[in-house]
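K.L.:
Sharing protein_29.txt (compact mmCIF, C-alpha atoms (C1' of nucleotides)) below.
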```txt
# COMPACT_ATOMS: atom_id res chain seq x y z
CA MET A 130 -16.68 -25.18 -43.54
CA LYS A 131 -13.14 -26.19 -42.81
CA HIS A 132 -12.27 -26.09 -39.15
CA HIS A 133 -13.95 -25.71 -35.77
CA ASP A 134 -17.46 -25.13 -37.10
CA GLN A 135 -20.40 -25.00 -34.76
CA THR A 136 -22.60 -26.94 -37.17
CA GLN A 137 -23.47 -30.61 -36.94
CA ASP A 138 -22.07 -31.96 -40.20
CA HIS A 139 -19.76 -34.20 -38.22
CA GLU A 140 -21.32 -37.50 -37.43
CA LEU A 141 -18.73 -40.00 -36.40
CA LYS A 142 -15.64 -37.89 -36.02
CA SER A 143 -17.30 -35.46 -33.67
CA ALA A 144 -17.98 -38.29 -31.23
CA ALA A 145 -14.24 -38.50 -30.66
CA GLN A 146 -14.02 -34.73 -30.57
CA SER A 147 -16.71 -34.66 -27.92
CA LEU A 148 -14.79 -37.09 -25.75
CA CYS A 149 -11.62 -35.07 -26.13
CA GLU A 150 -13.45 -31.90 -25.14
CA ALA A 151 -14.94 -33.69 -22.16
CA ILE A 152 -11.51 -34.88 -21.05
CA ALA A 153 -9.97 -31.47 -21.59
CA SER A 154 -12.66 -30.00 -19.37
CA LEU A 155 -11.64 -32.06 -16.35
CA ALA A 156 -10.54 -29.51 -13.80
CA ASN A 157 -8.45 -31.59 -11.41
CA ALA A 158 -7.22 -35.09 -10.63
CA ASP A 159 -10.33 -35.95 -8.63
CA GLU A 160 -12.65 -35.08 -11.47
CA ALA A 161 -10.42 -37.01 -13.85
CA GLU A 162 -10.49 -40.05 -11.60
CA ARG A 163 -14.25 -40.09 -11.23
CA PHE A 164 -14.74 -39.60 -14.96
CA LEU A 165 -12.32 -42.41 -15.75
CA GLU A 166 -14.02 -44.72 -13.28
CA ASP A 167 -17.36 -44.16 -14.98
CA LEU A 168 -16.00 -44.27 -18.51
CA CYS A 169 -13.49 -47.11 -18.39
CA THR A 170 -13.33 -50.67 -17.17
CA PRO A 171 -10.89 -51.62 -14.40
CA ALA A 172 -8.72 -53.50 -16.89
CA GLU A 173 -8.55 -50.48 -19.18
CA ILE A 174 -7.66 -48.15 -16.33
CA GLU A 175 -4.93 -50.48 -15.17
CA ALA A 176 -3.53 -50.73 -18.69
CA MET A 177 -3.46 -46.94 -19.04
CA VAL A 178 -1.91 -46.46 -15.62
CA ASP A 179 0.78 -49.00 -16.46
CA ARG A 180 1.59 -47.41 -19.83
CA TRP A 181 1.82 -43.94 -18.36
CA ARG A 182 4.11 -45.13 -15.60
CA VAL A 183 6.25 -46.96 -18.13
CA ALA A 184 6.43 -43.87 -20.32
CA GLN A 185 7.71 -41.87 -17.37
CA LEU A 186 10.33 -44.46 -16.50
CA LEU A 187 11.45 -44.72 -20.12
CA ASP A 188 11.75 -40.96 -20.17
CA GLN A 189 14.03 -41.18 -17.15
CA GLY A 190 16.31 -43.49 -19.14
CA MET A 191 15.52 -46.70 -17.31
CA THR A 192 16.14 -50.02 -19.03
CA TYR A 193 13.32 -52.16 -20.48
CA ARG A 194 14.11 -55.06 -18.20
CA ASP A 195 14.51 -52.86 -15.14
CA ILE A 196 11.15 -51.28 -15.83
CA SER A 197 9.67 -54.73 -16.31
CA GLU A 198 10.98 -55.92 -12.95
CA LEU A 199 9.85 -52.77 -11.19
CA THR A 200 6.39 -52.50 -12.68
CA GLU A 201 5.68 -56.12 -13.62
CA VAL A 202 4.78 -54.96 -17.09
CA SER A 203 6.02 -57.23 -19.86
CA VAL A 204 8.93 -56.18 -22.02
CA THR A 205 6.65 -56.50 -25.03
CA THR A 206 4.31 -53.84 -23.72
CA ILE A 207 7.21 -51.64 -22.69
CA GLY A 208 8.54 -51.80 -26.23
CA ARG A 209 5.14 -50.74 -27.50
CA VAL A 210 5.04 -47.75 -25.17
CA ALA A 211 8.55 -46.81 -26.25
CA ARG A 212 7.48 -46.82 -29.87
CA PHE A 213 4.69 -44.34 -29.20
CA LEU A 214 7.03 -42.24 -27.11
CA GLU A 215 9.36 -41.93 -30.09
CA MET A 216 7.12 -42.05 -33.13
CA GLY A 217 3.78 -41.05 -31.66
CA THR A 218 1.90 -37.80 -32.05
CA GLY A 219 3.79 -36.17 -29.20
CA GLY A 220 1.02 -36.55 -26.67
CA TYR A 221 3.27 -38.29 -24.19
CA ARG A 222 6.04 -35.77 -24.77
CA THR A 223 3.89 -32.75 -24.02
CA VAL A 224 2.73 -34.02 -20.66
CA LEU A 225 6.10 -35.51 -19.72
CA ASP A 226 7.74 -32.15 -20.27
CA ARG A 227 5.04 -30.38 -18.32
CA PHE A 228 5.73 -32.51 -15.25
CA ALA A 229 9.46 -32.69 -15.83
CA GLY A 230 10.70 -30.52 -12.98
CA SER A 231 8.09 -31.74 -10.53
CA LYS A 232 9.88 -34.85 -9.34
CA THR A 233 13.56 -34.10 -9.54
CA MET B 1471 -0.28 -37.75 6.67
CA LYS B 1472 -3.83 -38.04 5.56
CA HIS B 1473 -4.51 -36.23 2.36
CA HIS B 1474 -2.68 -34.60 -0.53
CA ASP B 1475 0.82 -35.08 0.86
CA GLN B 1476 3.84 -34.19 -1.18
CA THR B 1477 5.78 -37.18 0.09
CA GLN B 1478 6.33 -40.43 -1.76
CA ASP B 1479 4.77 -42.98 0.57
CA HIS B 1480 2.44 -43.96 -2.24
CA GLU B 1481 3.88 -46.65 -4.43
CA LEU B 1482 1.17 -48.26 -6.48
CA LYS B 1483 -1.77 -45.98 -5.85
CA SER B 1484 0.18 -42.93 -6.92
CA ALA B 1485 0.60 -44.42 -10.37
CA ALA B 1486 -3.12 -43.92 -10.88
CA GLN B 1487 -2.91 -40.51 -9.26
CA SER B 1488 -0.15 -39.58 -11.66
CA LEU B 1489 -2.27 -40.52 -14.65
CA CYS B 1490 -5.21 -38.53 -13.31
CA GLU B 1491 -2.97 -35.50 -12.81
CA ALA B 1492 -1.63 -35.92 -16.32
CA ILE B 1493 -5.13 -36.06 -17.75
CA ALA B 1494 -6.30 -33.10 -15.68
CA SER B 1495 -3.39 -31.12 -17.07
CA LEU B 1496 -4.56 -31.46 -20.67
CA ALA B 1497 -5.28 -27.93 -21.76
CA ASN B 1498 -7.54 -28.44 -24.77
CA ALA B 1499 -9.14 -31.05 -27.01
CA ASP B 1500 -6.10 -31.27 -29.27
CA GLU B 1501 -3.77 -32.05 -26.40
CA ALA B 1502 -6.27 -34.57 -25.10
CA GLU B 1503 -6.51 -36.24 -28.48
CA ARG B 1504 -2.75 -36.56 -28.91
CA PHE B 1505 -2.32 -37.87 -25.39
CA LEU B 1506 -5.06 -40.42 -25.89
CA GLU B 1507 -3.57 -41.55 -29.17
CA ASP B 1508 -0.25 -42.21 -27.51
CA LEU B 1509 -1.70 -43.76 -24.39
CA CYS B 1510 -4.53 -45.91 -25.72
CA THR B 1511 -5.07 -48.47 -28.45
CA PRO B 1512 -7.53 -47.71 -31.26
CA ALA B 1513 -9.96 -50.29 -29.86
CA GLU B 1514 -9.82 -48.69 -26.43
CA ILE B 1515 -10.38 -45.23 -27.84
CA GLU B 1516 -13.33 -46.43 -29.85
CA ALA B 1517 -14.83 -48.10 -26.79
CA MET B 1518 -14.48 -44.92 -24.75
CA VAL B 1519 -15.87 -42.74 -27.54
CA ASP B 1520 -18.86 -45.06 -27.86
CA ARG B 1521 -19.56 -45.09 -24.11
CA TRP B 1522 -19.35 -41.32 -23.84
CA ARG B 1523 -21.68 -40.86 -26.78
CA VAL B 1524 -24.10 -43.37 -25.29
CA ALA B 1525 -23.98 -41.61 -21.94
CA GLN B 1526 -24.92 -38.36 -23.63
CA LEU B 1527 -27.81 -39.95 -25.51
CA LEU B 1528 -29.06 -41.68 -22.37
CA ASP B 1529 -28.92 -38.34 -20.62
CA GLN B 1530 -31.12 -36.89 -23.35
CA GLY B 1531 -33.69 -39.56 -22.56
CA MET B 1532 -33.24 -41.68 -25.65
CA THR B 1533 -34.30 -45.31 -25.59
CA TYR B 1534 -31.79 -48.18 -25.35
CA ARG B 1535 -32.87 -49.63 -28.68
CA ASP B 1536 -32.91 -46.27 -30.40
CA ILE B 1537 -29.40 -45.58 -29.16
CA SER B 1538 -28.36 -49.02 -30.32
CA GLU B 1539 -29.69 -48.41 -33.83
CA LEU B 1540 -28.15 -44.95 -34.01
CA THR B 1541 -24.72 -45.81 -32.64
CA GLU B 1542 -24.49 -49.53 -33.46
CA VAL B 1543 -23.54 -50.16 -29.87
CA SER B 1544 -25.12 -53.27 -28.38
CA VAL B 1545 -27.96 -52.96 -25.91
CA THR B 1546 -25.83 -54.87 -23.43
CA THR B 1547 -23.15 -52.22 -23.45
CA ILE B 1548 -25.74 -49.45 -23.31
CA GLY B 1549 -27.18 -51.02 -20.17
CA ARG B 1550 -23.72 -51.08 -18.66
CA VAL B 1551 -23.18 -47.38 -19.41
CA ALA B 1552 -26.60 -46.62 -17.91
CA ARG B 1553 -25.64 -48.39 -14.71
CA PHE B 1554 -22.56 -46.22 -14.28
CA LEU B 1555 -24.57 -43.15 -15.13
CA GLU B 1556 -26.93 -43.94 -12.26
CA MET B 1557 -24.81 -45.68 -9.66
CA GLY B 1558 -21.34 -44.55 -10.59
CA THR B 1559 -19.11 -42.05 -8.85
CA GLY B 1560 -20.72 -39.11 -10.60
CA GLY B 1561 -17.92 -38.64 -13.11
CA TYR B 1562 -20.30 -38.79 -16.07
CA ARG B 1563 -22.78 -36.50 -14.33
CA THR B 1564 -20.28 -33.73 -13.69
CA VAL B 1565 -19.17 -33.47 -17.30
CA LEU B 1566 -22.66 -33.97 -18.72
CA ASP B 1567 -23.92 -31.05 -16.66
CA ARG B 1568 -20.97 -28.92 -17.69
CA PHE B 1569 -21.82 -29.35 -21.37
CA ALA B 1570 -25.56 -29.34 -20.82
CA GLY B 1571 -26.45 -25.99 -22.40
CA SER B 1572 -23.91 -26.30 -25.20
CA LYS B 1573 -26.00 -28.31 -27.63
CA THR B 1574 -29.58 -27.27 -27.02
C1' DA C 1042 -57.82 -57.24 -22.49
C1' DT C 1043 -54.12 -57.32 -25.96
C1' DT C 1044 -50.32 -55.92 -28.02
C1' DA C 1045 -46.09 -53.31 -28.23
C1' DT C 1046 -42.32 -51.17 -26.06
C1' DT C 1047 -38.94 -50.89 -22.59
C1' DG C 1048 -35.21 -52.17 -19.32
C1' DT C 1049 -32.71 -56.13 -17.89
C1' DA C 1050 -30.47 -60.56 -17.97
C1' DA C 1051 -28.05 -65.09 -19.67
C1' DT C 1052 -25.68 -67.24 -23.21
C1' DA C 1053 -22.16 -68.16 -26.76
C1' DG C 1054 -18.62 -66.47 -29.80
C1' DC C 1055 -15.13 -63.05 -31.21
C1' DA C 1056 -11.48 -59.43 -31.08
C1' DC C 1057 -7.72 -57.64 -28.95
C1' DG C 1058 -4.17 -56.37 -25.54
C1' DC C 1059 -1.44 -58.60 -22.10
C1' DT C 1060 1.95 -62.06 -20.41
C1' DA C 1061 5.67 -65.42 -20.86
C1' DT C 1062 9.04 -67.55 -23.48
C1' DT C 1063 12.54 -67.85 -26.71
C1' DA C 1064 15.49 -65.85 -29.89
C1' DC C 1065 18.81 -62.74 -32.04
C1' DA C 1066 21.60 -58.64 -33.57
C1' DT C 1067 23.94 -54.83 -31.48
C1' DT C 1068 26.34 -52.46 -28.14
C1' DA C 1069 29.05 -52.36 -23.50
C1' DT C 1070 31.89 -54.50 -20.33
C1' DT C 1071 35.58 -57.21 -18.67
C1' DA D 1 38.42 -61.63 -27.94
C1' DA D 2 34.69 -63.14 -24.87
C1' DT D 3 30.89 -62.28 -22.06
C1' DA D 4 27.02 -59.64 -20.65
C1' DA D 5 23.36 -56.46 -21.34
C1' DT D 6 20.12 -54.16 -24.36
C1' DG D 7 16.41 -53.33 -27.78
C1' DT D 8 13.51 -55.89 -30.76
C1' DA D 9 10.75 -59.57 -32.64
C1' DA D 10 7.74 -64.06 -33.08
C1' DT D 11 5.06 -67.28 -30.81
C1' DA D 12 1.38 -69.31 -27.91
C1' DG D 13 -2.04 -68.78 -24.29
C1' DC D 14 -5.21 -66.04 -21.37
C1' DG D 15 -8.47 -62.55 -19.71
C1' DT D 16 -11.89 -59.48 -20.71
C1' DG D 17 -15.11 -56.33 -23.07
C1' DC D 18 -17.87 -56.44 -27.14
C1' DT D 19 -21.63 -58.29 -30.16
C1' DA D 20 -25.72 -61.03 -31.19
C1' DT D 21 -29.41 -63.69 -29.78
C1' DT D 22 -33.02 -64.98 -26.94
C1' DA D 23 -35.83 -64.30 -23.16
C1' DC D 24 -38.82 -62.12 -19.71
C1' DA D 25 -41.13 -58.85 -16.39
C1' DA D 26 -43.08 -54.28 -16.29
C1' DT D 27 -45.04 -50.42 -18.29
C1' DA D 28 -47.57 -47.98 -22.17
C1' DA D 29 -50.66 -47.97 -26.08
C1' DT D 30 -54.39 -49.77 -28.90
```
I need this file expressed as structure tokens, please.
P.N.:
Amino acid sequence: MKHHDQTQDHELKSAAQSLCEAIASLANADEAERFLEDLCTPAEIEAMVDRWRVAQLLDQGMTYRDISELTEVSVTTIGRVARFLEMGTGGYRTVLDRFAGSKT
Amino acid sequence: MKHHDQTQDHELKSAAQSLCEAIASLANADEAERFLEDLCTPAEIEAMVDRWRVAQLLDQGMTYRDISELTEVSVTTIGRVARFLEMGTGGYRTVLDRFAGSKT
DNA sequence: ATTATTGTAATAGCACGCTATTACATTATT
DNA sequence: AATAATGTAATAGCGTGCTATTACAATAAT
């Protein structure tokens, strides 16, 4: 019993796993939007939207203060996003690279 | 210019669209987990994990107070999840049905 | 009929992420 | 050399989602 077992010896950790599987199962942007709207509060959604937008702008080399003026997100939060973009688990990186060519 | 246009006349709304596209692009649970860990705070992730677990238990017909004892989520929050499960946009429903046979 | 269980609601208090401000060391610019 | 711009940090204040408690109407069980 090491990895990916079908059994139910998880208890707490598998709750997170279940959410991740649910999210990974979302087939398109519409499904994702409806799931998010049921799962999250408006404030949470806005926070996530802001961070993702900031991550994209950081990735394009834009300045903290320029991003702040453009998005109205505080420089503090932008710095936090930047930290995860550099020292995070690479989750941002993967998706940023996937959509890299799409907007140039 | 009604639906799904390639142009950039969105400005604010497309930020949410972009996030939904990013999420929909997540290929598996691991990618989803790493993206979530970069995008969200621990408290946010825990809140989402709790709500999703509660939604599943509600869907199985479990009682508010039983769910509360099992998950240590307050009855107040459980009631809120139930409301979205019934009157929401159907985002919960879609994914619940998709994973319906998986655990019986 | 009574009692217990259930969903629902109102309240107060707490935790946490955001903003705004100010500051400062480092790097560019002039 | 002097000035400006940049990333980074500390602080205080605010909004909001959570918990815990109490309550109550409606249904189920004894």
K.L.:
Can you tell me, as a PyMOL selection string, what residues are no more than 7 Å from Val210 (chain A) when counting all atoms listed in the file, ignoring any on the same chain fewer than 3 positions away?
P.N.:
chain A and resi 180+184+206-207+213-214
K.L.:
Could you list the residues in chain A lying within 7 Å of chain B, using all atoms listed in the file, and format the result as a PyMOL selection string?
P.N.:
chain A and resi 144-145+148-153+155-158+160-164+167-169+177-178+180-182+213+217-221+224
K.L.:
To test the calculation: enclose all listed atoms of region 157-164 of chain A in a box whose edges run along x, y and z, add 4 Å on each side, then state centre and edge lengths in Å to one decimal, as AutoDock Vina command-line options.
P.N.:
```
--center_x -11.0 --center_y -35.8 --center_z -11.8 --size_x 15.5 --size_y 16.5 --size_z 14.3
```
K.L.:
Which chain C residues are at most 12 Å from chain B (counting only C-alpha atoms (C1' of nucleotides)), as a list in words?
P.N.:
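Therefore, the residues near the partner are DT1046, DT1047, DG1048, DT1049, DA1050, DA1051, DA1056, DC1057 and DG1058 of chain C.
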K.L.:
Between C1' of DT1068 (chain C) and C1' of DG7 (chain D), what is the distance in Å, rounded to a tenth?
P.N.:
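Between these atoms lies a distance of 10.0 Å.
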K.L.:
Which residues are near DT1067 (chain C)? Cut-off 12 Å, all atoms listed in the file, ignore same chain within fewer than 4 positions. Put them as a PyMOL selection string.
P.N.:
chain D and resi 5-8
K.L.:
Restrict the selected residues to C-alpha atoms (C1' of nucleotides) and save them as a PDB file, in the frame of the given file.
P.N.:
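The resulting file, part26.pdb, is reproduced below:
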```
ATOM      1  C1'  DA D   5      23.360 -56.460 -21.340  1.00  0.00           C
ATOM      2  C1'  DT D   6      20.120 -54.160 -24.360  1.00  0.00           C
ATOM      3  C1'  DG D   7      16.410 -53.330 -27.780  1.00  0.00           C
ATOM      4  C1'  DT D   8      13.510 -55.890 -30.760  1.00  0.00           C
TER       5       DT D   8
END
```
K.L.:
I'd like the neighbourhood of DT1070 (chain C) as a list in words, where a residue qualifies if any of its atoms comes within 12 Å (using all atoms listed in the file), though same-chain residues fewer than 5 positions away should be ignored.
P.N.:
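Near DT1070 (chain C), the qualifying residues are DA2, DT3, DA4 and DA5 of chain D.
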K.L.:
Go ahead and save the picked residues with C-alpha atoms (C1' of nucleotides), as a short mmCIF file (atom, residue, chain, number, x, y, z; two decimals), keeping the file's coordinate frame.
P.N.:
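The resulting file, again.cif, is reproduced below:
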```cif
data_model
loop_
_atom_site.label_atom_id
_atom_site.label_comp_id
_atom_site.auth_asym_id
_atom_site.auth_seq_id
_atom_site.Cartn_x
_atom_site.Cartn_y
_atom_site.Cartn_z
"C1'" DA D 2 34.69 -63.14 -24.87
"C1'" DT D 3 30.89 -62.28 -22.06
"C1'" DA D 4 27.02 -59.64 -20.65
"C1'" DA D 5 23.36 -56.46 -21.34
#
```
K.L.:
I'd like the interatomic distance between C1' of DA26 (chain D) and C1' of DT1052 (chain C), to a tenth of an Å.
P.N.:
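Computing it gives 22.8 Å between the two atoms.
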K.L.:
For chain B, work out the contacting residues on chain D at 12 Å, counting only C-alpha atoms (C1' of nucleotides), and write them as a list in words.
P.N.:
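So the contacting residues turn out to be DG17, DC18, DT19, DA20 and DT21 of chain D.
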K.L.:
Between CA of Gly190 (chain A) and CA of Ala211 (chain A), what is the distance, to one decimal in Å?
P.N.:
11.0 Å
